Amino acid sequence: MSSQARGRRAFKFILPALLCMLFVHIIPIFWGAYIAFIDLDIYTITRWMQAPFVGLRNFFTVFSPATDVGVRYLRSIWNVVYFGLITIPAGYFIGLLVALLLNRKFFGRTLVRGLILLPYITPDSVAYNVWRFIFQARIGIVNKYLLALGLIEEPIIWLVGDRAIYAVMIASVWKGWPFACLVLLAGLQSIPQELYEAAKIDGASSFGLFRFVTFPMLRPVSATLLLLSAIWNFHAFNQFYILLGADPGKTHVPSTFILQEAFTNFHFGQGAAMSVFLTVVVLLMTVAILRVRRRGEEW
Amino acid sequence: MVRRTFWAILGRILFGLAVFLVLAGVLIPYLWMVSGSFKTTLEIQSADVLKPELSPRWFPRKFTWENYLRVNRTVRMLDYFRNSIIISVGTMVFSVGISLFAAYALSRFTFSWKRMYTLAVLSTQMFPGISFLIPYFMMFVLIKHYLGLPMQNTYWGMIFTYTSFALPFSILMLRNFLDSIPREIDEQAQIDGCTPAGALLRVILPLAKPGIAAVGIYSFIMAWNEVLFATVLTGRETKTVALGLLEYITAQQARWAGMMAACILVSIPVLVLFSLMQRYIIEGLVAGATKG
Amino acid sequence: MRKSWVLVVVFLWAVLTSVTALGKGTITFWLMPNAPDETHIPWLEEKAKEFEAQTGYKVNFEVIGWGEAWQKISVALASQTGPDVFQVGTTWNPQFAATGGLERLDLAEFGGAEAFMKANYISTTYKGESYGVPWFAETRCLFYNKDMFAKAGVQPPATYDELKVVGKKIVETFGEGSAIAIAGTNAWDLLHNWAIVLWAYGGDLLTPDNEQAAFNGEAGVTAMKWYASLILDGLAAKACAEYNQPQADAAFINGNVAMCFMGPWNIAGIEQENPDLPYDVVEPPAGPVKRASFSGGSNLVILKGSPNKEAAKEWIKFLLSKENLVDYTKNLSHMLPAKIEAFEDPYYNTGVWQVFKKTLGYATAYPPLAVWGDIENAVVREFRNILTAVASGHYSEDTVRLYLDKAAEKVNEALARER
């Protein structure tokens with residue numbers, strides 16, 4: 001079979017999947033890039049085919065610390081970065097500790113492993129609504145126990161204002177660490193037992209085993225896991241939208257902010273410009289992850 | 001000797017304690033959810049952490065089934081269940097069908113743009129939904145405008161959207177699964193006179209059942225859980241359970257008890273399906289995060 | 001083989017499009033939960049039947065929460081699909097009109113502009129044309145607890161200065177924070193609460209030509225300081241700074257606080273939650289310049305892309321008929337009708353309704369601008385910063401002016417986009 005014929009045959013098999021990708025991902029991404037350059041707002045939305053081209057104006061607006069939108073967008077980017085800087089390492093370390101804990105045989109291990117997966121598989125809408133209930137100021141259990149322990153004097157309002165992001169972090173780490181644990185556990189189990197034996201013969205302590213065997217062997221898995229988490233961190237939407245509502249005020253992340261600017265305040269052009277920036281960031285990170293993977297293969 | 005057993009026992013106790021702590025951390029929100037679902041709305045609303053006699057409790061003061069029996073009263077939860085089931089099952093069917101063919105091509109054929117396509121599939125998984133929501137929404141409007149075909153607030157519109165979302169992961173996962181089925185099997189079938197498509201459907205399909213089930217369940221769960229696109233693209237006739245849950249809390253009223261009961265009902269299909277195919281989905285997820 | 005595929009596609013398309021074409025003669029009506037579902041839905045069902053019998057048009061109604069209504073409507077406007085006729089808040093009407101997605105209406109068909117409360121009529125306009133029909137009106141008055149007032153030995157205040165004197169007496173009797181409940185940072189309608197004080201002190205939100213922000217003038221600063229002083233002087237609880245409107249309402253309804261600015265819809269809440277509450281309602285206090293109140297409410301509008309505009313207009317007329325309007329406002333929503341003839345009903349001359357009716361007579365609407373949403377957001381955001389400063393103890397003499405100037409800057413930025 002010629003290579004052309006092979007290509008055609010494969011094309012037939014892949015065509016439906018290609019069409020889906022074309023309509024849902026590729027066209028919208030390029031189209032979004034176009035919208036970012038036109039003046040699409042409350043006045044032009046019903047006649048948006050004729051909206052005027054404005055060059056880079058939307059980008060200047062959303063990145064300018066002098067405009068209202070700019071200030072809030074930059075803040076939302078900072079929020080999501082800060083959110084990731086705390087939740088990713090936290091999720092990773094909890095996951096690693098529990099993975100180490102579960103990487104030995106004990107009675108009921110399968111059950112425990114099944115149970116710790118619960119947060120991961122529970123639908124976001126359920127999990128974050130339950131956390132929203134838990135964080136309620138007057139009727140929630142967080143304040144109940146903080147008061148009982150004497151750590152606070154009066155109920156804290158968690159889900160509004162400066163503390164909101166920490167409440168979201170706690171809920172997200174709770175939801176996210178089992179995935180890290182799962183991946184790391186798989187990584188741990190792929191470490192050949194002989195390496196440990198050899199290290200023990202060399203007289204390594206249990207810390208030494210971790211430092212010189214476990215940790216280096218987990219490095220490739222950890223690198224991809226952390227990079228993937230960093231990318232997916234920009235997807236953060238559900239936890240903010242559900243816990244804090246459609247308008248989280250100062251605690252916006254790009255996803256919630258763009259949704260609000262586009263579909264509530266009718267700033268579609270600016271919304272698209274903000275989306276384009278996100279897309280570029282994610283694209284660069286994806287390239288980075290592919291690099292890391294290729295290097296991983298060489299090891 | 002005595003000292004060693006002492007340390008061994010202490011180690012065991014500490015170990016048990018650690019496992020217990022982990023489990024407690026995981027399970028507390030669920031316990032709170034279950035307990036809330038059996039409370040009366042009045043009990044939750046009048047709770048006050050500042051007043052010891054009104055402080056929220058783990059055990060309902062007055063146990064009630066009301067929240068489950070009247071789950072459809074204030075929020076049309078049963079309608080949302082129907083919508084979610086239609087959309088999720090549709091997504092499952094289409095995503096399995098489409099990804100099976102694509103995965104087979106990736107697994108069995110060699111062609112020049114294979115690597116490029118794989119990379120493209122991989123990277124579509126990385127884009128945040130918000131980066132194409134606005135133009136995607138406009139595309140729906142355009143289709144309605146020029147072709148007269150409504151997409152927004154329709155089942156097929158949602159099924160198409162979610163199928164496409166589920167595809168990248170489904171394709172890669174199924175490809176890995178098909179790679180594990182020996183090539184000789186379908187080569188034999190082709191020698192016996194099957195076309196590649198025939199070989200796939202008659203010979204490979206039965207062997208790939210676990211992989212297909214895992215992909216199907218993954219797609220179902222994805223469609224069941226999605227929030228962002230549902231907020232913009234669904235309406236009264238197609239609203240899904242994930243959004244329905246938010247309706248329990250409005251500016252005027254907070255019906256936490258009803259919401260907790262609904263939360264439990266919404267989780268059940270996902271938990272059941274997941275536990276059915278746990279092993280394969282987990283393997284797929286882990287591979288997705290660690291391999292290409 | 002290829003032909004059959006084409007056939008299948010054409011067939012599918014035909015089926016799918018015919019499904020939507022079936023909708024002729026049926027109109028979709030979106031409205032907000034103006035009354036509890038238990039009474040609201042049956043009323044709507046009954047009226048839809050009655051309307052169908054009269055006109056032959058079928059009405060599908062859909063009740064949409066206030067929280068999601070804005071987004072749903074903006075999607076409907078952009079896509080020109082969804083409802084044929086829907087309810088919008090008065091402050092929303094000009095903004096939606098500016099999108100070009102609403103049908104321009106001739107109010108003469110609905111009884112003429114003079115048939116409606118003036119502020120409500122203005123809210124339907126954008127650049128001098130009408131894009132909606134007023135449905136019902138609301139305004140906020142001062143609710144007070146008669147028992148608490150009697151025990152403190154005070155009378156309902158007639159001016160904002162008096163309110164503070166009265167409040168201090170109540171605090172002496174009942175403790176800090178017991179005088180008044182006010183909305184704080186979480187109230188989406190925060191601006192309404194301050195606007196009435198601003199107007200009463202002679203200020204205004206914008207200059208008369210709607211070109212510049214005007215609320216950061218002397219009157220604005222004084223009015224804002226007055227609002228902040230309610231918390232600083234202990235008349236309102238510190239927690240108020242973080243309240244939303246329902247929380248403030250609840251504090252009054254529970255009988256813990258002596259005064260609160262609330263609307264007619266709260267009366268249903270009182271009857272439901274604390275029917276024994278000894279309350280009464282008076283007009284909002286006067287400022288040094290005048291007495292002012294905020295005019296809110298809802299209008300009915302028609303989607304420009306609706307294929308059933310005639311039916312939609314008939315439905316609006318039907319809902320606005322004196323009988324239906326009085327029934328709906330009096331028995332269901334506990335709002336006030338926006339049509340003047342409905343006030344002939346003797347009900348509006350009794351008890352608290354008299355007060356609301358009178359207050360509505362001088363109620364003011366916000367300027368009908370396309371960028372109003374951005375303006376309101378900008379002011380409310382800085383308002384929140386002021387309240388946060390109050391709650392956290394960072395408040396100083398300059399706080400108010402600082403934030404109001406900042407808000408004015410943002411508002412001017414938004415006004416520059418108005419065209």
# chains A, B, ... in the order shown; residues from 1 in each chain; ligands from 1
$ interface_residues --of "chain B" --to "chain A" --cutoff "6 Å" --atoms "only C-alpha atoms" --output "tab-separated table (two decimals) with C-alpha atoms, in the first residue's frame"
chain	number	residue	atom	x	y	z
B	47	ALA	CA	-28.58	26.85	63.48
B	48	ASP	CA	-26.11	29.29	64.98
B	49	VAL	CA	-22.53	28.48	65.87
B	98	ILE	CA	-15.92	7.75	17.29
B	101	PHE	CA	-12.25	4.04	15.06
B	102	ALA	CA	-9.74	6.80	15.66
B	105	ALA	CA	-6.24	3.81	13.26
B	111	PHE	CA	0.60	7.08	8.24
B	128	PRO	CA	-9.17	25.61	29.28
B	130	ILE	CA	-13.08	29.33	28.66
B	131	SER	CA	-10.63	29.87	25.82
B	132	PHE	CA	-13.15	28.72	23.26
B	135	PRO	CA	-16.63	31.74	19.80
B	136	TYR	CA	-18.22	28.34	20.32
B	164	SER	CA	-15.84	16.35	21.53
B	225	ASN	CA	-20.15	16.75	35.77
B	242	ALA	CA	-24.70	19.87	37.95
B	263	CYS	CA	-26.17	15.93	46.04
B	286	VAL	CA	-2.68	7.28	35.46
B	290	THR	CA	2.34	9.85	32.91
$ residues_around --residues "Val266 in chain B" --least-positions-apart "3" --cutoff "12 Å" --atoms "only C-alpha atoms" --output "VMD selection string"
(chain A and resid 122 to 127 129) or (chain B and resid 68 71 77 to 78 80 to 82 84 to 85 221 224 to 225 240 to 245 259 to 263 269 to 272)
$ select_by_dssp --residues "range 20-74 of chain B" --states "alpha helix (DSSP H)" --output "MDAnalysis selection string"
chainID B and resid 20:37 41:46 66:69
$ interface_residues --of "chain A" --to "chain C" --cutoff "8 Å" --atoms "only C-alpha atoms" --output "CSV table (one decimal) with C-alpha atoms, in the first residue's frame"
chain,number,residue,atom,x,y,z
A,42,ILE,CA,-23.2,45.7,24.2
A,43,TYR,CA,-23.8,47.9,21.1
A,44,THR,CA,-22.6,45.4,18.5
A,45,ILE,CA,-23.6,42.1,19.9
A,46,THR,CA,-26.7,41.6,17.9
A,67,THR,CA,-8.5,50.4,33.4
A,68,ASP,CA,-11.0,48.8,35.6
A,160,VAL,CA,-16.6,36.5,50.8
A,263,PHE,CA,-21.8,37.1,29.2
A,264,THR,CA,-22.8,39.5,32.0
A,265,ASN,CA,-21.1,42.8,31.0
A,266,PHE,CA,-21.3,42.2,27.3
$ closest_residue --among "B:Leu178, B:Val215, B:Cys194, B:Ala257" --to "Gln278 in chain B" --atoms "only C-alpha atoms"
B:Val215
$ closest_residue --among "B:Leu122, B:Ala24, B:Ile86, B:Leu10" --to "Ala223 in chain B" --atoms "only C-alpha atoms"
B:Ile86
